[in-house]
>>> print(open('structure.csv').read())   # CSV, N, CA and C atoms
chain,number,residue,atom,x,y,z
A,24,MET,N,95.7,125.6,-85.7
A,24,MET,CA,95.3,124.8,-86.8
A,24,MET,C,95.7,123.3,-86.5
A,25,GLN,N,94.7,122.4,-86.8
A,25,GLN,CA,95.0,121.0,-86.6
A,25,GLN,C,96.1,120.5,-87.5
A,26,ALA,N,96.8,119.5,-87.1
A,26,ALA,CA,98.0,119.0,-87.8
A,26,ALA,C,97.7,118.4,-89.2
A,27,THR,N,96.6,117.6,-89.3
A,27,THR,CA,96.3,116.9,-90.5
A,27,THR,C,94.8,116.9,-90.7
A,28,VAL,N,94.4,116.7,-92.0
A,28,VAL,CA,93.0,116.4,-92.3
A,28,VAL,C,93.0,115.1,-93.1
A,29,THR,N,91.8,114.4,-93.0
A,29,THR,CA,91.7,113.2,-93.7
A,29,THR,C,90.7,113.3,-94.8
A,30,VAL,N,91.1,112.9,-96.0
A,30,VAL,CA,90.3,113.0,-97.2
A,30,VAL,C,90.1,111.6,-97.8
A,31,LEU,N,88.8,111.2,-97.9
A,31,LEU,CA,88.4,109.9,-98.5
A,31,LEU,C,88.3,110.1,-100.0
A,32,VAL,N,89.0,109.2,-100.7
A,32,VAL,CA,88.9,109.3,-102.2
A,32,VAL,C,88.3,108.0,-102.7
A,33,TYR,N,87.2,108.1,-103.4
A,33,TYR,CA,86.5,106.9,-103.9
A,33,TYR,C,86.5,106.9,-105.4
A,34,SER,N,87.2,105.8,-106.0
A,34,SER,CA,87.1,105.6,-107.4
A,34,SER,C,87.6,104.1,-107.6
A,35,ASP,N,87.0,103.4,-108.5
A,35,ASP,CA,87.4,102.1,-108.8
A,35,ASP,C,88.7,102.1,-109.7
A,36,ASP,N,89.1,103.3,-110.2
A,36,ASP,CA,90.2,103.5,-111.0
A,36,ASP,C,91.4,104.0,-110.2
A,37,SER,N,92.4,103.2,-110.1
A,37,SER,CA,93.6,103.6,-109.3
A,37,SER,C,94.3,104.8,-109.9
A,38,ASN,N,94.2,105.0,-111.3
A,38,ASN,CA,94.8,106.2,-111.9
A,38,ASN,C,94.1,107.5,-111.5
A,39,THR,N,92.7,107.4,-111.3
A,39,THR,CA,92.0,108.6,-110.9
A,39,THR,C,92.4,108.9,-109.4
A,40,ARG,N,92.5,107.9,-108.6
A,40,ARG,CA,92.9,108.1,-107.2
A,40,ARG,C,94.3,108.8,-107.2
A,41,GLU,N,95.2,108.3,-108.0
A,41,GLU,CA,96.5,108.9,-108.1
A,41,GLU,C,96.5,110.3,-108.5
A,42,GLN,N,95.6,110.7,-109.5
A,42,GLN,CA,95.5,112.0,-110.0
A,42,GLN,C,95.1,113.0,-108.8
A,43,VAL,N,94.2,112.5,-108.0
A,43,VAL,CA,93.7,113.2,-106.8
A,43,VAL,C,94.9,113.5,-105.9
A,44,ARG,N,95.6,112.4,-105.6
A,44,ARG,CA,96.7,112.5,-104.6
A,44,ARG,C,97.8,113.5,-105.2
A,45,LEU,N,98.1,113.4,-106.5
A,45,LEU,CA,99.1,114.3,-107.0
A,45,LEU,C,98.7,115.7,-107.1
A,46,ALA,N,97.4,115.9,-107.4
A,46,ALA,CA,96.9,117.3,-107.5
A,46,ALA,C,96.8,118.0,-106.2
A,47,THR,N,96.6,117.2,-105.1
A,47,THR,CA,96.6,117.7,-103.8
A,47,THR,C,98.0,118.0,-103.2
A,48,GLY,N,98.9,117.1,-103.5
A,48,GLY,CA,100.2,117.2,-102.9
A,48,GLY,C,100.1,117.0,-101.4
A,49,ARG,N,101.0,117.6,-100.6
A,49,ARG,CA,100.9,117.5,-99.2
A,49,ARG,C,99.8,118.3,-98.6
A,50,ARG,N,99.5,119.4,-99.2
A,50,ARG,CA,98.3,120.2,-98.8
A,50,ARG,C,97.9,121.0,-100.0
A,51,PRO,N,96.6,121.2,-100.2
A,51,PRO,CA,96.1,121.9,-101.4
A,51,PRO,C,96.3,123.4,-101.4
A,52,ALA,N,96.5,124.0,-100.2
A,52,ALA,CA,96.8,125.4,-100.1
A,52,ALA,C,97.6,125.6,-98.8
A,53,PRO,N,98.3,126.7,-98.7
A,53,PRO,CA,99.2,127.0,-97.5
A,53,PRO,C,98.4,127.1,-96.2
A,54,ASP,N,97.1,127.5,-96.3
A,54,ASP,CA,96.3,127.8,-95.1
A,54,ASP,C,95.5,126.6,-94.6
A,55,VAL,N,95.7,125.4,-95.2
A,55,VAL,CA,95.0,124.2,-94.7
A,55,VAL,C,96.0,123.2,-94.3
A,56,PRO,N,95.6,122.3,-93.4
A,56,PRO,CA,96.5,121.3,-92.9
A,56,PRO,C,97.0,120.3,-93.9
A,57,VAL,N,98.0,119.6,-93.6
A,57,VAL,CA,98.5,118.5,-94.4
A,57,VAL,C,97.4,117.4,-94.5
A,58,VAL,N,97.3,116.9,-95.8
A,58,VAL,CA,96.2,115.9,-96.1
A,58,VAL,C,96.8,114.5,-96.0
A,59,GLU,N,96.0,113.7,-95.3
A,59,GLU,CA,96.2,112.2,-95.3
A,59,GLU,C,95.0,111.6,-96.1
A,60,PHE,N,95.3,110.6,-96.9
A,60,PHE,CA,94.3,110.0,-97.8
A,60,PHE,C,93.8,108.7,-97.2
A,61,VAL,N,92.5,108.4,-97.4
A,61,VAL,CA,91.9,107.1,-97.3
A,61,VAL,C,91.4,106.8,-98.6
A,62,GLU,N,91.9,105.7,-99.3
A,62,GLU,CA,91.4,105.4,-100.6
A,62,GLU,C,90.4,104.2,-100.6
A,63,CYS,N,89.4,104.3,-101.3
A,63,CYS,CA,88.3,103.3,-101.4
A,63,CYS,C,88.0,103.0,-102.9
A,64,ALA,N,87.9,101.7,-103.2
A,64,ALA,CA,87.6,101.3,-104.5
A,64,ALA,C,86.1,100.8,-104.7
A,65,THR,N,85.4,100.6,-103.5
A,65,THR,CA,84.1,100.1,-103.6
A,65,THR,C,83.2,100.9,-102.7
A,66,PRO,N,81.9,100.9,-103.0
A,66,PRO,CA,80.9,101.6,-102.2
A,66,PRO,C,80.9,101.1,-100.7
A,67,ALA,N,81.0,99.8,-100.5
A,67,ALA,CA,81.1,99.2,-99.2
A,67,ALA,C,82.2,99.8,-98.4
A,68,ALA,N,83.4,99.9,-99.0
A,68,ALA,CA,84.5,100.5,-98.3
A,68,ALA,C,84.3,102.0,-97.9
A,69,VAL,N,83.6,102.7,-98.8
A,69,VAL,CA,83.3,104.1,-98.4
A,69,VAL,C,82.4,104.2,-97.2
A,70,LEU,N,81.4,103.4,-97.2
A,70,LEU,CA,80.5,103.4,-96.0
A,70,LEU,C,81.2,102.9,-94.7
A,71,LYS,N,82.0,101.9,-94.8
A,71,LYS,CA,82.8,101.5,-93.7
A,71,LYS,C,83.7,102.6,-93.1
A,72,GLU,N,84.4,103.3,-94.0
A,72,GLU,CA,85.3,104.3,-93.5
A,72,GLU,C,84.5,105.5,-92.9
A,73,LEU,N,83.4,105.9,-93.5
A,73,LEU,CA,82.6,107.0,-93.0
A,73,LEU,C,82.0,106.6,-91.6
A,74,ASP,N,81.6,105.3,-91.5
A,74,ASP,CA,81.1,104.8,-90.2
A,74,ASP,C,82.2,105.0,-89.1
A,75,LYS,N,83.4,104.8,-89.4
A,75,LYS,CA,84.5,104.9,-88.5
A,75,LYS,C,84.6,106.3,-88.0
A,76,GLY,N,84.3,107.3,-88.8
A,76,GLY,CA,84.5,108.7,-88.5
A,76,GLY,C,85.9,109.2,-88.8
A,77,GLY,N,86.1,110.5,-88.6
A,77,GLY,CA,87.4,111.1,-88.8
A,77,GLY,C,87.7,111.6,-90.2
A,78,ILE,N,86.7,111.5,-91.1
A,78,ILE,CA,86.9,112.0,-92.5
A,78,ILE,C,86.5,113.4,-92.5
A,79,ASP,N,87.4,114.3,-93.1
A,79,ASP,CA,87.1,115.7,-93.2
A,79,ASP,C,86.5,116.1,-94.5
A,80,ALA,N,86.7,115.4,-95.5
A,80,ALA,CA,86.1,115.6,-96.9
A,80,ALA,C,86.2,114.4,-97.7
A,81,CYS,N,85.3,114.3,-98.7
A,81,CYS,CA,85.3,113.1,-99.6
A,81,CYS,C,85.4,113.6,-101.0
A,82,VAL,N,86.2,112.9,-101.8
A,82,VAL,CA,86.3,113.1,-103.2
A,82,VAL,C,85.8,111.8,-103.9
A,83,LEU,N,84.7,112.0,-104.6
A,83,LEU,CA,84.0,110.9,-105.2
A,83,LEU,C,84.0,111.0,-106.8
A,84,ASP,N,84.4,109.9,-107.4
A,84,ASP,CA,84.5,109.8,-108.8
A,84,ASP,C,83.1,109.5,-109.4
A,85,GLY,N,82.5,110.4,-110.1
A,85,GLY,CA,81.2,110.3,-110.7
A,85,GLY,C,81.2,109.2,-111.8
A,86,GLU,N,82.3,108.7,-112.3
A,86,GLU,CA,82.4,107.6,-113.3
A,86,GLU,C,82.7,106.3,-112.7
A,87,ALA,N,82.8,106.2,-111.3
A,87,ALA,CA,83.1,104.9,-110.7
A,87,ALA,C,82.1,103.8,-111.0
A,88,VAL,N,82.6,102.6,-111.0
A,88,VAL,CA,81.7,101.4,-111.2
A,88,VAL,C,81.9,100.5,-110.0
A,89,PRO,N,80.9,99.9,-109.4
A,89,PRO,CA,79.5,99.7,-109.9
A,89,PRO,C,78.6,100.8,-109.5
A,90,MET,N,79.0,101.7,-108.6
A,90,MET,CA,78.2,102.8,-108.2
A,90,MET,C,78.9,104.1,-108.4
A,91,GLY,N,78.3,105.0,-109.2
A,91,GLY,CA,79.0,106.2,-109.5
A,91,GLY,C,79.0,107.1,-108.3
A,92,GLY,N,79.9,108.1,-108.3
A,92,GLY,CA,80.1,109.0,-107.2
A,92,GLY,C,78.8,109.9,-106.9
A,93,MET,N,78.0,110.1,-107.9
A,93,MET,CA,76.8,110.9,-107.7
A,93,MET,C,75.8,110.2,-106.9
A,94,GLY,N,75.6,108.9,-107.2
A,94,GLY,CA,74.7,108.1,-106.4
A,94,GLY,C,75.3,107.8,-105.0
A,95,MET,N,76.6,107.7,-104.9
A,95,MET,CA,77.2,107.5,-103.6
A,95,MET,C,77.1,108.7,-102.8
A,96,CYS,N,77.2,109.9,-103.4
A,96,CYS,CA,77.1,111.1,-102.6
A,96,CYS,C,75.7,111.3,-102.1
A,97,ARG,N,74.7,111.1,-102.9
A,97,ARG,CA,73.3,111.2,-102.5
A,97,ARG,C,73.0,110.2,-101.3
A,98,GLN,N,73.6,109.0,-101.4
A,98,GLN,CA,73.3,108.0,-100.4
A,98,GLN,C,74.0,108.5,-99.1
A,99,ILE,N,75.2,108.9,-99.1
A,99,ILE,CA,75.9,109.3,-97.8
A,99,ILE,C,75.3,110.5,-97.2
A,100,LYS,N,74.8,111.4,-98.1
A,100,LYS,CA,74.2,112.6,-97.6
A,100,LYS,C,72.9,112.3,-96.8
A,101,ASP,N,72.2,111.2,-97.2
A,101,ASP,CA,71.0,110.7,-96.6
A,101,ASP,C,71.3,109.9,-95.3
A,102,GLU,N,72.4,109.1,-95.4
A,102,GLU,CA,72.6,108.1,-94.3
A,102,GLU,C,73.7,108.4,-93.3
A,103,VAL,N,74.6,109.3,-93.6
A,103,VAL,CA,75.7,109.6,-92.7
A,103,VAL,C,75.5,110.8,-91.9
A,104,PHE,N,75.4,110.7,-90.6
A,104,PHE,CA,75.2,111.8,-89.7
A,104,PHE,C,76.4,112.8,-89.8
A,105,ARG,N,76.2,114.0,-90.0
A,105,ARG,CA,77.2,115.0,-90.1
A,105,ARG,C,78.2,114.6,-91.3
A,106,CYS,N,77.6,114.3,-92.4
A,106,CYS,CA,78.4,113.9,-93.5
A,106,CYS,C,79.4,115.0,-93.9
A,107,PRO,N,80.6,114.5,-94.2
A,107,PRO,CA,81.6,115.5,-94.6
A,107,PRO,C,81.3,116.1,-95.9
A,108,PRO,N,81.9,117.3,-96.3
A,108,PRO,CA,81.6,117.8,-97.6
A,108,PRO,C,82.2,117.0,-98.7
A,109,VAL,N,81.5,117.0,-99.9
A,109,VAL,CA,81.9,116.2,-101.0
A,109,VAL,C,82.3,117.0,-102.2
A,110,LEU,N,83.5,116.6,-102.8
A,110,LEU,CA,83.9,117.1,-104.0
A,110,LEU,C,83.7,116.0,-105.1
A,111,LEU,N,82.9,116.3,-106.1
A,111,LEU,CA,82.5,115.3,-107.0
A,111,LEU,C,83.4,115.5,-108.3
A,112,LEU,N,83.9,114.4,-108.8
A,112,LEU,CA,84.6,114.4,-110.1
A,112,LEU,C,83.6,114.0,-111.2
A,113,ILE,N,83.4,115.0,-112.1
A,113,ILE,CA,82.4,114.7,-113.2
A,113,ILE,C,83.1,114.7,-114.5
A,114,ALA,N,82.4,114.0,-115.5
A,114,ALA,CA,82.9,113.8,-116.8
A,114,ALA,C,82.9,115.1,-117.7
A,115,ARG,N,81.8,115.8,-117.5
A,115,ARG,CA,81.6,117.0,-118.4
A,115,ARG,C,81.1,118.2,-117.6
A,116,PRO,N,81.5,119.4,-117.9
A,116,PRO,CA,80.9,120.6,-117.2
A,116,PRO,C,79.4,120.6,-117.2
A,117,GLN,N,78.8,120.0,-118.3
A,117,GLN,CA,77.3,120.0,-118.4
A,117,GLN,C,76.7,119.1,-117.3
A,118,ASP,N,77.5,118.3,-116.6
A,118,ASP,CA,77.0,117.4,-115.6
A,118,ASP,C,76.9,118.1,-114.2
A,119,ALA,N,77.2,119.3,-114.2
A,119,ALA,CA,77.2,120.1,-112.9
A,119,ALA,C,75.8,120.0,-112.2
A,120,TRP,N,74.8,120.0,-113.0
A,120,TRP,CA,73.4,119.9,-112.4
A,120,TRP,C,73.2,118.6,-111.7
A,121,LEU,N,73.8,117.5,-112.2
A,121,LEU,CA,73.7,116.3,-111.5
A,121,LEU,C,74.5,116.3,-110.2
A,122,ALA,N,75.6,117.0,-110.2
A,122,ALA,CA,76.3,117.2,-108.9
A,122,ALA,C,75.5,117.9,-107.9
A,123,THR,N,74.7,118.9,-108.3
A,123,THR,CA,73.8,119.6,-107.5
A,123,THR,C,72.7,118.7,-107.0
A,124,TRP,N,72.2,117.8,-107.9
A,124,TRP,CA,71.1,116.8,-107.5
A,124,TRP,C,71.7,115.9,-106.4
A,125,SER,N,72.9,115.5,-106.5
A,125,SER,CA,73.5,114.6,-105.6
A,125,SER,C,73.9,115.2,-104.2
A,126,ARG,N,73.8,116.5,-104.2
A,126,ARG,CA,74.0,117.3,-103.0
A,126,ARG,C,75.5,117.5,-102.7
A,127,ALA,N,76.4,117.4,-103.7
A,127,ALA,CA,77.8,117.6,-103.5
A,127,ALA,C,78.0,119.1,-103.3
A,128,GLU,N,79.0,119.5,-102.5
A,128,GLU,CA,79.3,120.9,-102.2
A,128,GLU,C,80.1,121.5,-103.3
A,129,ALA,N,80.9,120.7,-104.1
A,129,ALA,CA,81.7,121.2,-105.2
A,129,ALA,C,81.8,120.1,-106.2
A,130,ALA,N,82.2,120.5,-107.5
A,130,ALA,CA,82.4,119.6,-108.6
A,130,ALA,C,83.5,120.1,-109.5
A,131,VAL,N,84.4,119.2,-109.9
A,131,VAL,CA,85.4,119.5,-111.0
A,131,VAL,C,85.4,118.4,-112.0
A,132,THR,N,85.8,118.8,-113.2
A,132,THR,CA,85.8,117.8,-114.3
A,132,THR,C,87.1,116.9,-114.3
A,133,LEU,N,86.9,115.7,-114.9
A,133,LEU,CA,88.0,114.8,-115.2
A,133,LEU,C,88.5,115.1,-116.6
A,134,PRO,N,89.7,114.9,-116.9
A,134,PRO,CA,90.8,114.5,-115.9
A,134,PRO,C,91.0,115.7,-115.0
A,135,VAL,N,91.6,115.3,-113.8
A,135,VAL,CA,91.8,116.3,-112.8
A,135,VAL,C,92.8,117.3,-113.2
A,136,GLU,N,92.4,118.6,-113.2
A,136,GLU,CA,93.3,119.7,-113.5
A,136,GLU,C,93.8,120.2,-112.1
A,137,PRO,N,95.1,120.1,-111.8
A,137,PRO,CA,95.6,120.3,-110.5
A,137,PRO,C,95.3,121.6,-109.8
A,138,VAL,N,95.3,122.7,-110.4
A,138,VAL,CA,95.1,124.0,-109.7
A,138,VAL,C,93.6,124.1,-109.4
A,139,GLU,N,92.7,123.7,-110.4
A,139,GLU,CA,91.3,123.8,-110.1
A,139,GLU,C,90.9,122.8,-109.0
A,140,PHE,N,91.4,121.6,-109.0
A,140,PHE,CA,91.1,120.6,-108.0
A,140,PHE,C,91.6,121.1,-106.6
A,141,ALA,N,92.8,121.5,-106.5
A,141,ALA,CA,93.4,121.9,-105.3
A,141,ALA,C,92.6,123.1,-104.7
A,142,ASN,N,92.2,124.1,-105.5
A,142,ASN,CA,91.4,125.2,-105.0
A,142,ASN,C,90.0,124.7,-104.5
A,143,ALA,N,89.4,123.8,-105.2
A,143,ALA,CA,88.1,123.3,-104.8
A,143,ALA,C,88.2,122.5,-103.5
A,144,LEU,N,89.2,121.7,-103.3
A,144,LEU,CA,89.4,120.9,-102.1
A,144,LEU,C,89.8,121.8,-101.0
A,145,ALA,N,90.6,122.7,-101.2
A,145,ALA,CA,91.0,123.7,-100.1
A,145,ALA,C,89.8,124.4,-99.6
A,146,GLY,N,88.9,124.8,-100.5
A,146,GLY,CA,87.6,125.5,-100.1
A,146,GLY,C,86.8,124.7,-99.2
A,147,LEU,N,86.6,123.4,-99.6
A,147,LEU,CA,85.9,122.5,-98.7
A,147,LEU,C,86.5,122.3,-97.3
A,148,LEU,N,87.8,122.2,-97.3
A,148,LEU,CA,88.5,122.0,-96.0
A,148,LEU,C,88.4,123.3,-95.2
A,149,ARG,N,88.5,124.4,-95.8
A,149,ARG,CA,88.3,125.7,-95.0
A,149,ARG,C,86.9,125.7,-94.4
A,150,GLN,N,85.9,125.4,-95.3
A,150,GLN,CA,84.5,125.4,-94.8
A,150,GLN,C,84.3,124.5,-93.7
A,151,ARG,N,84.9,123.3,-93.8
A,151,ARG,CA,84.7,122.3,-92.7
A,151,ARG,C,85.4,122.8,-91.4
A,152,ARG,N,86.5,123.4,-91.5
A,152,ARG,CA,87.2,124.0,-90.4
A,152,ARG,C,86.3,125.0,-89.7
A,153,LEU,N,85.7,125.9,-90.5
A,153,LEU,CA,84.8,127.0,-89.9
A,153,LEU,C,83.6,126.4,-89.2
A,154,GLN,N,83.0,125.3,-89.8
A,154,GLN,CA,81.9,124.7,-89.2
A,154,GLN,C,82.2,124.0,-87.9
A,155,SER,N,83.4,123.4,-87.8
A,155,SER,CA,83.7,122.7,-86.5
A,155,SER,C,84.3,123.6,-85.5
A,156,ALA,N,84.5,124.9,-85.8
A,156,ALA,CA,85.1,125.8,-84.8
A,156,ALA,C,84.1,126.3,-83.9
>>> encode(input="structure.csv", output="structure tokens")
Amino acid sequence: MQATVTVLVYSDDSNTREQVRLATGRRPAPDVPVVEFVECATPAAVLKELDKGGIDACVLDGEAVPMGGMGMCRQIKDEVFRCPPVLLLIARPQDAWLATWSRAEAAVTLPVEPVEFANALAGLLRQRRLQSA
């Protein structure tokens, strides 16, 4: 198993980024590697980090400003070769259909519920590991 995985977190709200870090802890599940975070507060920063490569999963805030995570997800799915899986943070459970429209692999509601979030992130990281094996 690789030593670490890198998770990009996009939100203009530092409290939301902190919720993601705290819910993940060092690792979201015992069978996935330790997580390192790359935090982005702007769409341009997200694109720059994805262009560098090395991102294993993305967590995008659907309520981010000026570009929400749903639009950001749809854009990176169109533009980034071998785009990492995306976990979308949505405002309401009823917004799950929008997460599907944006092509996110998973969605959880805000505020971040630690167990639900960690399970969803761990699932994406397991899937990514299987795809790259």
>>> select_by_dssp(input="structure.csv", residues="chain A", states="strand (DSSP E)", output="count of residues only")
28
>>> atom_distance(input="structure.csv", atom1="atom C of Pro107 (chain A)", atom2="CA of Cys81 (chain A)")
6.2 Å
>>> closest_residue(input="structure.csv", among="A:Ala52, A:Val32, A:Met90, A:Leu45", to="Leu73 (chain A)", atoms="only C-alpha atoms")
A:Val32
>>> residues_around(input="structure.csv", residues="Glu86 (chain A)", least_positions_apart="6", cutoff="6.5 Å", atoms="only N, CA and C atoms", output="ChimeraX atom specification")
/A:92-93,112-114
>>> closest_residue(input="structure.csv", among="A:Val131, A:Leu111, A:Leu153, A:Val30", to="Asp84 (chain A)", atoms="all atoms listed in the file")
A:Leu111
>>> residues_around(input="structure.csv", residues="Val58 (chain A)", least_positions_apart="2", cutoff="5 Å", atoms="all atoms listed in the file", output="JSON, numbers by chain")
{"A": [28, 49, 50, 56, 60]}
>>> residues_around(input="structure.csv", residues="Phe140 (chain A)", least_positions_apart="6", cutoff="9 Å", atoms="only C-alpha atoms", output="list in words")
Val43, Ala46, Thr47, Pro51, Leu110, Ala130, Val131 and Thr132 of chain A
>>> write_last_selection(input="structure.csv", atoms="N, CA and C atoms", output="PDB file, keeping the file's coordinate frame")
ATOM      1  N   VAL A  43      94.200 112.500-108.000  1.00  0.00           N
ATOM      2  CA  VAL A  43      93.700 113.200-106.800  1.00  0.00           C
ATOM      3  C   VAL A  43      94.900 113.500-105.900  1.00  0.00           C
ATOM      4  N   ALA A  46      97.400 115.900-107.400  1.00  0.00           N
ATOM      5  CA  ALA A  46      96.900 117.300-107.500  1.00  0.00           C
ATOM      6  C   ALA A  46      96.800 118.000-106.200  1.00  0.00           C
ATOM      7  N   THR A  47      96.600 117.200-105.100  1.00  0.00           N
ATOM      8  CA  THR A  47      96.600 117.700-103.800  1.00  0.00           C
ATOM      9  C   THR A  47      98.000 118.000-103.200  1.00  0.00           C
ATOM     10  N   PRO A  51      96.600 121.200-100.200  1.00  0.00           N
ATOM     11  CA  PRO A  51      96.100 121.900-101.400  1.00  0.00           C
ATOM     12  C   PRO A  51      96.300 123.400-101.400  1.00  0.00           C
ATOM     13  N   LEU A 110      83.500 116.600-102.800  1.00  0.00           N
ATOM     14  CA  LEU A 110      83.900 117.100-104.000  1.00  0.00           C
ATOM     15  C   LEU A 110      83.700 116.000-105.100  1.00  0.00           C
ATOM     16  N   ALA A 130      82.200 120.500-107.500  1.00  0.00           N
ATOM     17  CA  ALA A 130      82.400 119.600-108.600  1.00  0.00           C
ATOM     18  C   ALA A 130      83.500 120.100-109.500  1.00  0.00           C
ATOM     19  N   VAL A 131      84.400 119.200-109.900  1.00  0.00           N
ATOM     20  CA  VAL A 131      85.400 119.500-111.000  1.00  0.00           C
ATOM     21  C   VAL A 131      85.400 118.400-112.000  1.00  0.00           C
ATOM     22  N   THR A 132      85.800 118.800-113.200  1.00  0.00           N
ATOM     23  CA  THR A 132      85.800 117.800-114.300  1.00  0.00           C
ATOM     24  C   THR A 132      87.100 116.900-114.300  1.00  0.00           C
TER      25      THR A 132
END
>>> decode(input="structure.csv", residues="region 26-37 of chain A", atoms="N, CA, C and O atoms", output="CSV table (one decimal), in the first residue's frame")
chain,number,residue,atom,x,y,z
A,26,ALA,N,2.3,5.0,0.8
A,26,ALA,CA,2.4,5.6,2.1
A,26,ALA,C,1.4,6.7,2.3
A,26,ALA,O,0.9,6.8,3.4
A,27,THR,N,1.1,7.5,1.3
A,27,THR,CA,0.1,8.6,1.5
A,27,THR,C,-0.7,8.8,0.2
A,27,THR,O,-0.3,8.3,-0.9
A,28,VAL,N,-1.8,9.4,0.4
A,28,VAL,CA,-2.7,9.9,-0.8
A,28,VAL,C,-2.9,11.4,-0.6
A,28,VAL,O,-2.8,11.9,0.5
A,29,THR,N,-3.1,12.0,-1.7
A,29,THR,CA,-3.3,13.5,-1.7
A,29,THR,C,-4.7,13.8,-2.1
A,29,THR,O,-5.2,13.4,-3.1
A,30,VAL,N,-5.4,14.6,-1.2
A,30,VAL,CA,-6.7,15.0,-1.4
A,30,VAL,C,-6.8,16.5,-1.5
A,30,VAL,O,-6.3,17.2,-0.7
A,31,LEU,N,-7.3,17.0,-2.7
A,31,LEU,CA,-7.5,18.4,-2.9
A,31,LEU,C,-8.9,18.8,-2.3
A,31,LEU,O,-9.9,18.1,-2.5
A,32,VAL,N,-8.9,19.9,-1.5
A,32,VAL,CA,-10.1,20.4,-0.9
A,32,VAL,C,-10.3,21.8,-1.4
A,32,VAL,O,-9.5,22.7,-1.2
A,33,TYR,N,-11.5,22.0,-2.1
A,33,TYR,CA,-11.8,23.3,-2.6
A,33,TYR,C,-13.0,23.9,-1.9
A,33,TYR,O,-14.1,23.3,-1.9
A,34,SER,N,-12.8,25.0,-1.3
A,34,SER,CA,-13.9,25.8,-0.7
A,34,SER,C,-13.3,27.2,-0.4
A,34,SER,O,-12.2,27.3,0.0
A,35,ASP,N,-14.1,28.2,-0.6
A,35,ASP,CA,-13.7,29.6,-0.3
A,35,ASP,C,-13.8,29.8,1.2
A,35,ASP,O,-13.3,30.8,1.7
A,36,ASP,N,-14.5,28.9,1.9
A,36,ASP,CA,-14.7,29.0,3.4
A,36,ASP,C,-13.7,28.1,4.1
A,36,ASP,O,-13.7,26.9,4.0
A,37,SER,N,-12.8,28.8,4.9
A,37,SER,CA,-11.8,28.1,5.6
A,37,SER,C,-12.4,27.1,6.7
A,37,SER,O,-11.8,26.1,7.0
